[in-house]
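Participant: Provided below: data-v2.cif, containing mmCIF, C-alpha atoms.
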data_target
loop_
_atom_site.group_PDB
_atom_site.id
_atom_site.type_symbol
_atom_site.label_atom_id
_atom_site.label_comp_id
_atom_site.auth_asym_id
_atom_site.auth_seq_id
_atom_site.Cartn_x
_atom_site.Cartn_y
_atom_site.Cartn_z
ATOM 1 C CA MET A 217 -23.489 2.904 -10.609
ATOM 2 C CA PRO A 218 -25.982 1.204 -8.225
ATOM 3 C CA GLU A 219 -24.743 -2.288 -9.135
ATOM 4 C CA MET A 220 -21.286 -1.558 -7.678
ATOM 5 C CA ARG A 221 -20.547 -2.201 -4.013
ATOM 6 C CA ALA A 222 -17.831 -0.555 -1.930
ATOM 7 C CA ALA A 223 -16.626 -0.960 1.633
ATOM 8 C CA PHE A 224 -15.120 1.905 3.606
ATOM 9 C CA ILE A 225 -13.087 1.213 6.727
ATOM 10 C CA GLY A 226 -12.361 4.189 8.973
ATOM 11 C CA LEU A 227 -14.870 7.021 9.302
ATOM 12 C CA GLY A 228 -12.780 9.745 10.861
ATOM 13 C CA VAL A 229 -12.669 13.378 9.786
ATOM 14 C CA MET A 230 -11.419 12.294 6.354
ATOM 15 C CA GLY A 231 -13.073 8.925 5.798
ATOM 16 C CA TYR A 232 -16.558 10.000 6.857
ATOM 17 C CA PRO A 233 -17.052 12.573 4.050
ATOM 18 C CA MET A 234 -15.078 10.510 1.517
ATOM 19 C CA ALA A 235 -17.418 7.559 2.041
ATOM 20 C CA GLY A 236 -20.318 9.988 1.825
ATOM 21 C CA HIS A 237 -19.268 11.091 -1.650
ATOM 22 C CA LEU A 238 -19.264 7.451 -2.776
ATOM 23 C CA ALA A 239 -22.775 6.948 -1.405
ATOM 24 C CA ARG A 240 -24.019 10.059 -3.198
ATOM 25 C CA ALA A 241 -22.496 8.767 -6.434
ATOM 26 C CA GLY A 242 -24.624 5.630 -6.202
ATOM 27 C CA TRP A 243 -22.266 3.077 -4.698
ATOM 28 C CA GLN A 244 -23.841 0.511 -2.381
ATOM 29 C CA MET A 245 -21.880 1.042 0.799
ATOM 30 C CA GLY A 246 -20.789 -1.181 3.661
ATOM 31 C CA VAL A 247 -18.874 0.610 6.414
ATOM 32 C CA TYR A 248 -16.873 -0.209 9.514
ATOM 33 C CA ASN A 249 -15.466 2.049 12.204
ATOM 34 C CA ARG A 250 -13.706 1.134 15.424
ATOM 35 C CA THR A 251 -16.256 3.277 17.276
ATOM 36 C CA SER A 252 -19.483 1.651 16.142
ATOM 37 C CA ALA A 253 -21.636 4.662 17.014
ATOM 38 C CA ARG A 254 -19.773 6.626 14.357
ATOM 39 C CA ALA A 255 -20.614 3.981 11.744
ATOM 40 C CA ARG A 256 -24.279 4.003 12.753
ATOM 41 C CA GLN A 257 -24.315 7.789 12.470
ATOM 42 C CA TRP A 258 -22.883 7.541 8.962
ATOM 43 C CA VAL A 259 -25.520 4.995 7.909
ATOM 44 C CA ASP A 260 -28.276 7.208 9.328
ATOM 45 C CA GLU A 261 -26.987 10.048 7.164
ATOM 46 C CA TYR A 262 -26.069 8.250 3.953
ATOM 47 C CA GLY A 263 -27.727 4.838 3.979
ATOM 48 C CA GLY A 264 -25.932 1.565 3.371
ATOM 49 C CA GLN A 265 -25.035 -0.865 6.133
ATOM 50 C CA CYS A 266 -22.550 -0.923 9.004
ATOM 51 C CA PHE A 267 -20.727 -4.081 10.063
ATOM 52 C CA ASP A 268 -18.958 -5.342 13.162
ATOM 53 C CA SER A 269 -15.648 -6.139 11.449
ATOM 54 C CA PRO A 270 -13.642 -4.988 8.417
ATOM 55 C CA LYS A 271 -13.908 -8.514 7.013
ATOM 56 C CA ALA A 272 -17.706 -8.441 7.111
ATOM 57 C CA ALA A 273 -17.847 -4.975 5.556
ATOM 58 C CA ALA A 274 -15.572 -6.012 2.691
ATOM 59 C CA ALA A 275 -17.400 -9.245 1.849
ATOM 60 C CA GLY A 276 -18.770 -8.947 -1.664
ATOM 61 C CA ALA A 277 -17.301 -5.469 -2.260
ATOM 62 C CA ASP A 278 -15.840 -4.595 -5.648
ATOM 63 C CA LEU A 279 -13.637 -1.994 -3.974
ATOM 64 C CA ALA A 280 -12.629 -1.644 -0.333
ATOM 65 C CA PHE A 281 -11.182 1.608 1.031
ATOM 66 C CA VAL A 282 -9.153 2.165 4.188
ATOM 67 C CA CYS A 283 -8.541 5.486 5.925
ATOM 68 C CA VAL A 284 -7.215 4.937 9.453
ATOM 69 C CA GLY A 285 -4.328 6.230 11.547
ATOM 70 C CA ASN A 286 -0.925 4.604 11.103
ATOM 71 C CA ASP A 287 0.995 1.506 10.008
ATOM 72 C CA ASP A 288 -0.256 -0.644 12.881
ATOM 73 C CA ASP A 289 -3.868 0.433 12.334
ATOM 74 C CA VAL A 290 -3.654 -0.499 8.656
ATOM 75 C CA ARG A 291 -2.196 -3.906 9.446
ATOM 76 C CA SER A 292 -4.929 -4.454 12.052
ATOM 77 C CA VAL A 293 -7.839 -3.734 9.713
ATOM 78 C CA CYS A 294 -6.304 -5.445 6.677
ATOM 79 C CA LEU A 295 -4.179 -8.415 7.689
ATOM 80 C CA THR A 296 -5.736 -9.928 10.820
ATOM 81 C CA GLU A 297 -8.267 -12.761 10.947
ATOM 82 C CA THR A 298 -11.142 -10.255 10.920
ATOM 83 C CA GLY A 299 -9.356 -7.995 8.436
ATOM 84 C CA ILE A 300 -10.423 -6.774 5.044
ATOM 85 C CA LEU A 301 -8.363 -9.152 2.944
ATOM 86 C CA ASN A 302 -10.042 -12.159 4.547
ATOM 87 C CA GLY A 303 -13.375 -10.841 3.295
ATOM 88 C CA MET A 304 -12.508 -9.653 -0.188
ATOM 89 C CA ALA A 305 -13.317 -11.700 -3.263
ATOM 90 C CA SER A 306 -10.920 -12.582 -6.051
ATOM 91 C CA GLY A 307 -10.703 -9.755 -8.563
ATOM 92 C CA SER A 308 -11.664 -6.980 -6.153
ATOM 93 C CA VAL A 309 -9.349 -4.050 -5.304
ATOM 94 C CA LEU A 310 -8.159 -2.711 -1.937
ATOM 95 C CA VAL A 311 -7.364 1.029 -1.780
ATOM 96 C CA ASP A 312 -5.484 2.399 1.224
ATOM 97 C CA HIS A 313 -5.886 6.156 1.756
ATOM 98 C CA THR A 314 -3.950 6.148 5.039
ATOM 99 C CA THR A 315 -0.588 7.900 5.107
ATOM 100 C CA VAL A 316 1.782 5.077 6.048
ATOM 101 C CA SER A 317 5.269 3.851 5.206
ATOM 102 C CA ALA A 318 6.083 2.605 1.727
ATOM 103 C CA GLU A 319 7.063 -0.700 3.362
ATOM 104 C CA VAL A 320 3.519 -1.247 4.619
ATOM 105 C CA ALA A 321 2.145 -0.397 1.172
ATOM 106 C CA ARG A 322 4.357 -3.041 -0.409
ATOM 107 C CA GLU A 323 3.448 -5.520 2.334
ATOM 108 C CA LEU A 324 -0.250 -5.001 1.636
ATOM 109 C CA ALA A 325 0.289 -5.295 -2.111
ATOM 110 C CA ALA A 326 2.020 -8.657 -1.640
ATOM 111 C CA ALA A 327 -0.668 -9.936 0.753
ATOM 112 C CA ALA A 328 -3.416 -8.838 -1.625
ATOM 113 C CA ARG A 329 -1.712 -10.469 -4.604
ATOM 114 C CA LYS A 330 -1.700 -13.835 -2.793
ATOM 115 C CA ARG A 331 -5.508 -13.591 -2.611
ATOM 116 C CA ASP A 332 -5.888 -12.407 -6.230
ATOM 117 C CA VAL A 333 -6.939 -8.983 -4.924
ATOM 118 C CA GLY A 334 -5.648 -5.745 -6.435
ATOM 119 C CA PHE A 335 -4.050 -3.030 -4.338
ATOM 120 C CA VAL A 336 -3.529 0.723 -4.616
ATOM 121 C CA ASP A 337 -1.769 2.874 -2.013
ATOM 122 C CA ALA A 338 -3.443 6.249 -2.336
ATOM 123 C CA PRO A 339 -2.591 8.808 0.364
ATOM 124 C CA VAL A 340 -4.392 12.120 0.072
ATOM 125 C CA SER A 341 -3.697 15.820 0.513
ATOM 126 C CA GLY A 342 -6.209 18.575 1.077
ATOM 127 C CA GLY A 343 -7.279 18.080 4.664
ATOM 128 C CA GLN A 344 -10.757 17.859 6.120
ATOM 129 C CA ALA A 345 -12.065 20.670 3.916
ATOM 130 C CA GLY A 346 -10.794 18.885 0.816
ATOM 131 C CA ALA A 347 -12.498 15.661 1.881
ATOM 132 C CA GLU A 348 -15.782 17.402 2.639
ATOM 133 C CA ASN A 349 -15.770 19.356 -0.636
ATOM 134 C CA GLY A 350 -14.596 16.448 -2.803
ATOM 135 C CA GLN A 351 -11.418 18.349 -3.678
ATOM 136 C CA LEU A 352 -8.628 16.048 -2.510
ATOM 137 C CA THR A 353 -5.391 15.427 -4.341
ATOM 138 C CA ILE A 354 -4.558 11.709 -4.469
ATOM 139 C CA MET A 355 -1.111 10.286 -5.201
ATOM 140 C CA ALA A 356 -1.371 6.606 -6.065
ATOM 141 C CA GLY A 357 0.853 3.571 -6.328
ATOM 142 C CA GLY A 358 0.038 0.180 -7.818
ATOM 143 C CA THR A 359 -0.371 -1.524 -11.157
ATOM 144 C CA ALA A 360 -1.976 0.421 -13.971
ATOM 145 C CA ALA A 361 -4.860 -2.068 -14.083
ATOM 146 C CA ASP A 362 -5.654 -1.765 -10.358
ATOM 147 C CA TYR A 363 -5.377 2.010 -10.536
ATOM 148 C CA GLU A 364 -7.787 2.234 -13.475
ATOM 149 C CA ARG A 365 -10.347 0.100 -11.637
ATOM 150 C CA ALA A 366 -10.200 2.319 -8.544
ATOM 151 C CA LEU A 367 -10.042 5.658 -10.375
ATOM 152 C CA PRO A 368 -13.789 6.219 -11.023
ATOM 153 C CA ALA A 369 -14.502 5.825 -7.311
ATOM 154 C CA MET A 370 -11.627 8.056 -6.212
ATOM 155 C CA ASP A 371 -12.812 10.709 -8.654
ATOM 156 C CA CYS A 372 -15.924 11.037 -6.477
ATOM 157 C CA TYR A 373 -13.944 12.921 -3.816
ATOM 158 C CA ALA A 374 -10.848 14.157 -5.644
ATOM 159 C CA ARG A 375 -9.983 17.101 -7.838
ATOM 160 C CA PHE A 376 -6.769 15.437 -9.058
ATOM 161 C CA VAL A 377 -5.572 11.821 -9.026
ATOM 162 C CA ARG A 378 -2.357 10.498 -10.522
ATOM 163 C CA ARG A 379 -0.599 7.144 -10.526
ATOM 164 C CA MET A 380 3.020 7.690 -9.508
ATOM 165 C CA GLY A 381 4.383 4.170 -10.056
ATOM 166 C CA PRO A 382 4.224 0.714 -8.449
ATOM 167 C CA ALA A 383 2.991 -0.031 -4.938
ATOM 168 C CA GLY A 384 4.630 2.329 -2.457
ATOM 169 C CA ALA A 385 5.079 5.173 -4.951
ATOM 170 C CA GLY A 386 1.981 6.934 -3.654
ATOM 171 C CA GLN A 387 3.330 6.909 -0.112
ATOM 172 C CA LEU A 388 6.747 8.144 -1.245
ATOM 173 C CA THR A 389 5.081 11.019 -3.081
ATOM 174 C CA LYS A 390 3.091 11.885 0.058
ATOM 175 C CA MET A 391 6.398 12.064 1.944
ATOM 176 C CA VAL A 392 7.606 14.703 -0.522
ATOM 177 C CA ASN A 393 4.350 16.561 0.091
ATOM 178 C CA GLN A 394 4.911 16.595 3.860
ATOM 179 C CA ILE A 395 8.551 17.674 3.507
ATOM 180 C CA CYS A 396 7.430 20.689 1.479
ATOM 181 C CA ILE A 397 4.560 21.576 3.825
ATOM 182 C CA ALA A 398 6.831 21.491 6.881
ATOM 183 C CA GLY A 399 9.265 23.952 5.314
ATOM 184 C CA VAL A 400 6.533 26.278 4.035
ATOM 185 C CA LEU A 401 4.795 26.444 7.428
ATOM 186 C CA GLN A 402 8.018 27.283 9.265
ATOM 187 C CA GLY A 403 8.777 30.073 6.800
ATOM 188 C CA LEU A 404 5.212 31.375 7.017
ATOM 189 C CA SER A 405 5.370 31.328 10.820
ATOM 190 C CA GLU A 406 8.565 33.361 10.848
ATOM 191 C CA GLY A 407 7.187 35.819 8.281
ATOM 192 C CA ILE A 408 3.961 36.497 10.187
ATOM 193 C CA ASP A 409 5.786 36.810 13.504
ATOM 194 C CA PHE A 410 8.255 39.233 11.894
ATOM 195 C CA ALA A 411 5.389 41.328 10.468
ATOM 196 C CA GLN A 412 3.674 41.566 13.838
ATOM 197 C CA ARG A 413 6.887 42.568 15.644
ATOM 198 C CA ALA A 414 7.471 45.231 12.987
ATOM 199 C CA ALA A 415 4.019 46.704 13.776
ATOM 200 C CA LEU A 416 2.674 45.811 10.347
ATOM 201 C CA ASP A 417 -0.880 44.664 9.699
ATOM 202 C CA ALA A 418 -0.197 40.946 9.191
ATOM 203 C CA ASP A 419 -3.420 40.395 7.253
ATOM 204 C CA ALA A 420 -2.583 43.223 4.878
ATOM 205 C CA VAL A 421 0.949 41.894 4.437
ATOM 206 C CA VAL A 422 -0.376 38.466 3.532
ATOM 207 C CA ASP A 423 -2.938 39.905 1.129
ATOM 208 C CA VAL A 424 -0.105 41.616 -0.748
ATOM 209 C CA ILE A 425 2.567 38.925 -0.795
ATOM 210 C CA ALA A 426 0.027 36.195 -1.637
ATOM 211 C CA LYS A 427 -0.245 37.875 -5.047
ATOM 212 C CA GLY A 428 3.446 37.267 -5.694
ATOM 213 C CA ALA A 429 6.053 34.527 -5.573
ATOM 214 C CA ALA A 430 5.496 33.802 -1.862
ATOM 215 C CA GLN A 431 1.978 32.463 -2.503
ATOM 216 C CA SER A 432 1.117 28.984 -1.233
ATOM 217 C CA TRP A 433 -1.891 26.949 -0.112
ATOM 218 C CA GLN A 434 -0.754 27.392 3.477
ATOM 219 C CA MET A 435 -0.596 31.156 3.071
ATOM 220 C CA GLU A 436 -4.016 31.355 1.478
ATOM 221 C CA ASN A 437 -5.705 29.067 3.994
ATOM 222 C CA ARG A 438 -3.761 29.439 7.262
ATOM 223 C CA ALA A 439 -1.977 32.804 7.441
ATOM 224 C CA HIS A 440 -4.929 34.818 8.771
ATOM 225 C CA THR A 441 -5.806 32.288 11.472
ATOM 226 C CA MET A 442 -2.128 32.064 12.431
ATOM 227 C CA ALA A 443 -2.045 35.834 12.938
ATOM 228 C CA GLU A 444 -5.160 35.532 15.129
ATOM 229 C CA GLY A 445 -3.722 32.648 17.157
ATOM 230 C CA LYS A 446 -6.470 30.202 16.140
ATOM 231 C CA PHE A 447 -5.468 26.535 15.803
ATOM 232 C CA ASP A 448 -8.461 24.467 16.938
ATOM 233 C CA PHE A 449 -9.067 22.877 13.528
ATOM 234 C CA GLY A 450 -7.309 21.211 10.633
ATOM 235 C CA PHE A 451 -4.529 18.621 10.452
ATOM 236 C CA ALA A 452 -3.280 17.862 13.955
ATOM 237 C CA VAL A 453 0.354 18.251 15.012
ATOM 238 C CA GLN A 454 0.431 14.657 16.317
ATOM 239 C CA TRP A 455 -0.450 13.342 12.860
ATOM 240 C CA MET A 456 2.113 15.570 11.189
ATOM 241 C CA ARG A 457 4.778 14.207 13.549
ATOM 242 C CA LYS A 458 3.692 10.680 12.631
ATOM 243 C CA ASP A 459 4.139 11.567 8.963
ATOM 244 C CA LEU A 460 7.493 13.259 9.515
ATOM 245 C CA ASP A 461 8.748 10.238 11.438
ATOM 246 C CA ILE A 462 7.993 8.136 8.353
ATOM 247 C CA VAL A 463 9.748 10.714 6.172
ATOM 248 C CA LEU A 464 12.872 10.833 8.332
ATOM 249 C CA ARG A 465 13.149 7.050 8.646
ATOM 250 C CA THR A 466 12.724 6.666 4.890
ATOM 251 C CA GLY A 467 15.205 9.465 4.260
ATOM 252 C CA ARG A 468 17.846 7.685 6.324
ATOM 253 C CA SER A 469 17.301 4.484 4.335
ATOM 254 C CA LEU A 470 17.704 6.424 1.078
ATOM 255 C CA GLY A 471 20.674 8.462 2.210
ATOM 256 C CA ALA A 472 18.652 11.653 1.686
ATOM 257 C CA LYS A 473 19.647 14.760 3.662
ATOM 258 C CA LEU A 474 16.608 16.339 5.338
ATOM 259 C CA PRO A 475 17.997 18.920 7.785
ATOM 260 C CA LEU A 476 15.051 21.329 7.610
ATOM 261 C CA THR A 477 12.499 18.532 7.960
ATOM 262 C CA ALA A 478 14.308 17.194 11.036
ATOM 263 C CA LEU A 479 14.443 20.680 12.556
ATOM 264 C CA VAL A 480 10.733 21.355 11.985
ATOM 265 C CA ASP A 481 9.907 17.974 13.505
ATOM 266 C CA GLN A 482 11.758 19.104 16.649
ATOM 267 C CA PHE A 483 9.769 22.344 16.582
ATOM 268 C CA TYR A 484 6.542 20.342 16.455
ATOM 269 C CA ALA A 485 7.786 18.392 19.481
ATOM 270 C CA ASP A 486 7.966 21.761 21.282
ATOM 271 C CA VAL A 487 4.353 22.481 20.300
ATOM 272 C CA GLU A 488 3.284 19.080 21.622
ATOM 273 C CA ALA A 489 5.131 19.738 24.890
ATOM 274 C CA LYS A 490 3.037 22.859 25.431
ATOM 275 C CA GLY A 491 -0.219 20.921 24.928
ATOM 276 C CA GLY A 492 -0.684 21.454 21.197
ATOM 277 C CA SER A 493 -0.767 17.879 19.910
ATOM 278 C CA ARG A 494 -4.302 18.388 18.579
ATOM 279 C CA TRP A 495 -3.704 21.892 17.233
ATOM 280 C CA ASP A 496 -3.491 22.503 13.504
ATOM 281 C CA THR A 497 -0.005 22.255 12.014
ATOM 282 C CA SER A 498 0.027 26.033 11.521
ATOM 283 C CA SER A 499 0.525 26.284 15.307
ATOM 284 C CA LEU A 500 4.283 26.260 14.631
ATOM 285 C CA ILE A 501 4.044 30.020 15.049
ATOM 286 C CA THR A 502 3.297 29.648 18.770
ATOM 287 C CA ARG A 503 6.962 28.753 19.387
ATOM 288 C CA LEU A 504 8.009 32.202 18.193
ATOM 289 C CA SER A 505 5.835 34.117 20.648
ATOM 290 C CA ASP A 506 7.249 32.368 23.721
#
Would you mind writing the structure in this file as structure tokens?
Facilitator:
Amino acid sequence: MPEMRAAFIGLGVMGYPMAGHLARAGWQMGVYNRTSARARQWVDEYGGQCFDSPKAAAAGADLAFVCVGNDDDVRSVCLTETGILNGMASGSVLVDHTTVSAEVARELAAAARKRDVGFVDAPVSGGQAGAENGQLTIMAGGTAADYERALPAMDCYARFVRRMGPAGAGQLTKMVNQICIAGVLQGLSEGIDFAQRAALDADAVVDVIAKGAAQSWQMENRAHTMAEGKFDFGFAVQWMRKDLDIVLRTGRSLGAKLPLTALVDQFYADVEAKGGSRWDTSSLITRLSD
């Protein structure tokens, strides 16, 4: 689809390969990254053009994508004078892949609507490997019309995409995802630690129980490295704590009881205190060996 133009704002470990998949699919790309050298590197690899502001990158784009860090980062690249929405044309669609609060998603949807721009909140799951391999799961919120316009582009780097409801529904679904991951990783940590203390071969244990009801993505992809004490990769603890903070704040507003999620968040605080803020989330197990 060489006649279609997209902008991608935020070329971190997720955004960089996601934007690359769009370029390979034939989209004419304009990119922006806070560290300009990273944007130039991307252009050297994939083509397209880098710009000195989100607004400039989004000018003339049919779709604009955002993948940055947190609520404040999203507001900065979308709502300021040099932000995306000031560059987008009427009838275009803004897609936010950042994991943020549902409130920010609704705020962006309202701001976009005032400019006759569509909006989809579309947080992702699958990590860096999923982004690189084009195998992300995307949970989306927004109108059906905006979702359908963004879907062909998102399909370039996703294995599964589903609209969950109006703006904010994607972010709420991602919160459920993080609640479940936190509980699974704590259970997996305790299981592996137990196996090692019982003088079992942890890898062999995992190979067996992964064929039964205990199987999970975390077990298949993290159990062996957990047993080896390797955590210098993957989704960082500091980002998981950011996500869990959103979950817990939202839970309080909904009256939802999240005792396990709150406990695991405290455990991640322990990991951060021992210097593990950049370790993979599977580093929960390090608390048990202390």
Participant: Name the residues within 8 Å of (6.3, 9.8, 3.0), counting only C-alpha atoms in the file's coordinates, and put them as a PyMOL selection string.
Facilitator: chain A and resi 315-318+387-394+459-460+462-463+466
Participant: To verify the selection step, state as an NGL selection string which residues the PyMOL selection byres ((chain A and resi 406) around 12) yields on this input.
Facilitator: :A and (399-405 or 407-413 or 418 or 439 or 442-443 or 498-505)
Participant: If you apply the PyMOL selection byres ((chain A and resi 278-292) around 6) to this file, what residues do you get, as a PyMOL selection string?
Facilitator: chain A and resi 221-226+231+277+293-296+308-314+316
Participant: Return as a PyMOL selection string the set of residues that the PyMOL selection byres ((chain A and resi 227) around 9) yields on the displayed structure.
Facilitator: chain A and resi 224-226+228-235+247-251+254-255+258+283-284
Participant: Using the selection just defined, write its residues with C-alpha atoms as a tab-separated table (two decimals), in the coordinates of the input.
Facilitator:
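As written to disk, out_24.tsv reads:
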chain	number	residue	atom	x	y	z
A	224	PHE	CA	-15.12	1.90	3.61
A	225	ILE	CA	-13.09	1.21	6.73
A	226	GLY	CA	-12.36	4.19	8.97
A	228	GLY	CA	-12.78	9.74	10.86
A	229	VAL	CA	-12.67	13.38	9.79
A	230	MET	CA	-11.42	12.29	6.35
A	231	GLY	CA	-13.07	8.93	5.80
A	232	TYR	CA	-16.56	10.00	6.86
A	233	PRO	CA	-17.05	12.57	4.05
A	234	MET	CA	-15.08	10.51	1.52
A	235	ALA	CA	-17.42	7.56	2.04
A	247	VAL	CA	-18.87	0.61	6.41
A	248	TYR	CA	-16.87	-0.21	9.51
A	249	ASN	CA	-15.47	2.05	12.20
A	250	ARG	CA	-13.71	1.13	15.42
A	251	THR	CA	-16.26	3.28	17.28
A	254	ARG	CA	-19.77	6.63	14.36
A	255	ALA	CA	-20.61	3.98	11.74
A	258	TRP	CA	-22.88	7.54	8.96
A	283	CYS	CA	-8.54	5.49	5.92
A	284	VAL	CA	-7.22	4.94	9.45
Participant: At most 9 Å from (10.4, 22.9, 7.9), file frame, all atoms listed in the file: which residues, as a list of chain:residue names?
Facilitator: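 I get A:Ile395, A:Cys396, A:Ile397, A:Ala398, A:Gly399, A:Val400, A:Leu401, A:Gln402, A:Gly403, A:Pro475, A:Leu476, A:Thr477, A:Ala478, A:Leu479, A:Val480, A:Asp481, A:Phe483 for the residues within 9 Å of that point.
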Participant: Between CA of Pro270 (chain A) and CA of Gln344 (chain A), measure the distance and give it in Å to one decimal.
Facilitator: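 Computed distance, CA of Pro270 (chain A) to CA of Gln344 (chain A), equals 23.1 Å.
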Participant: What is the CA of Ala239 (chain A)-CA of Met370 (chain A) distance in Å, reported with one decimal?
Facilitator: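 Atom-to-atom, CA of Ala239 (chain A) and CA of Met370 (chain A) are spaced 12.2 Å apart.
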Participant: Which residue gives the smallest distance to Ser469 (chain A) among A:Ala272, A:Glu319, A:Gln431, A:Arg378, with all atoms listed in the file counted?
Facilitator: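 Selected residue with least distance to Ser469 (chain A): A:Glu319.
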Participant: Grab the CA of Ile300 (chain A) to CA of Ala328 (chain A) distance for me, in Å with one decimal place.
Facilitator: 9.9 Å
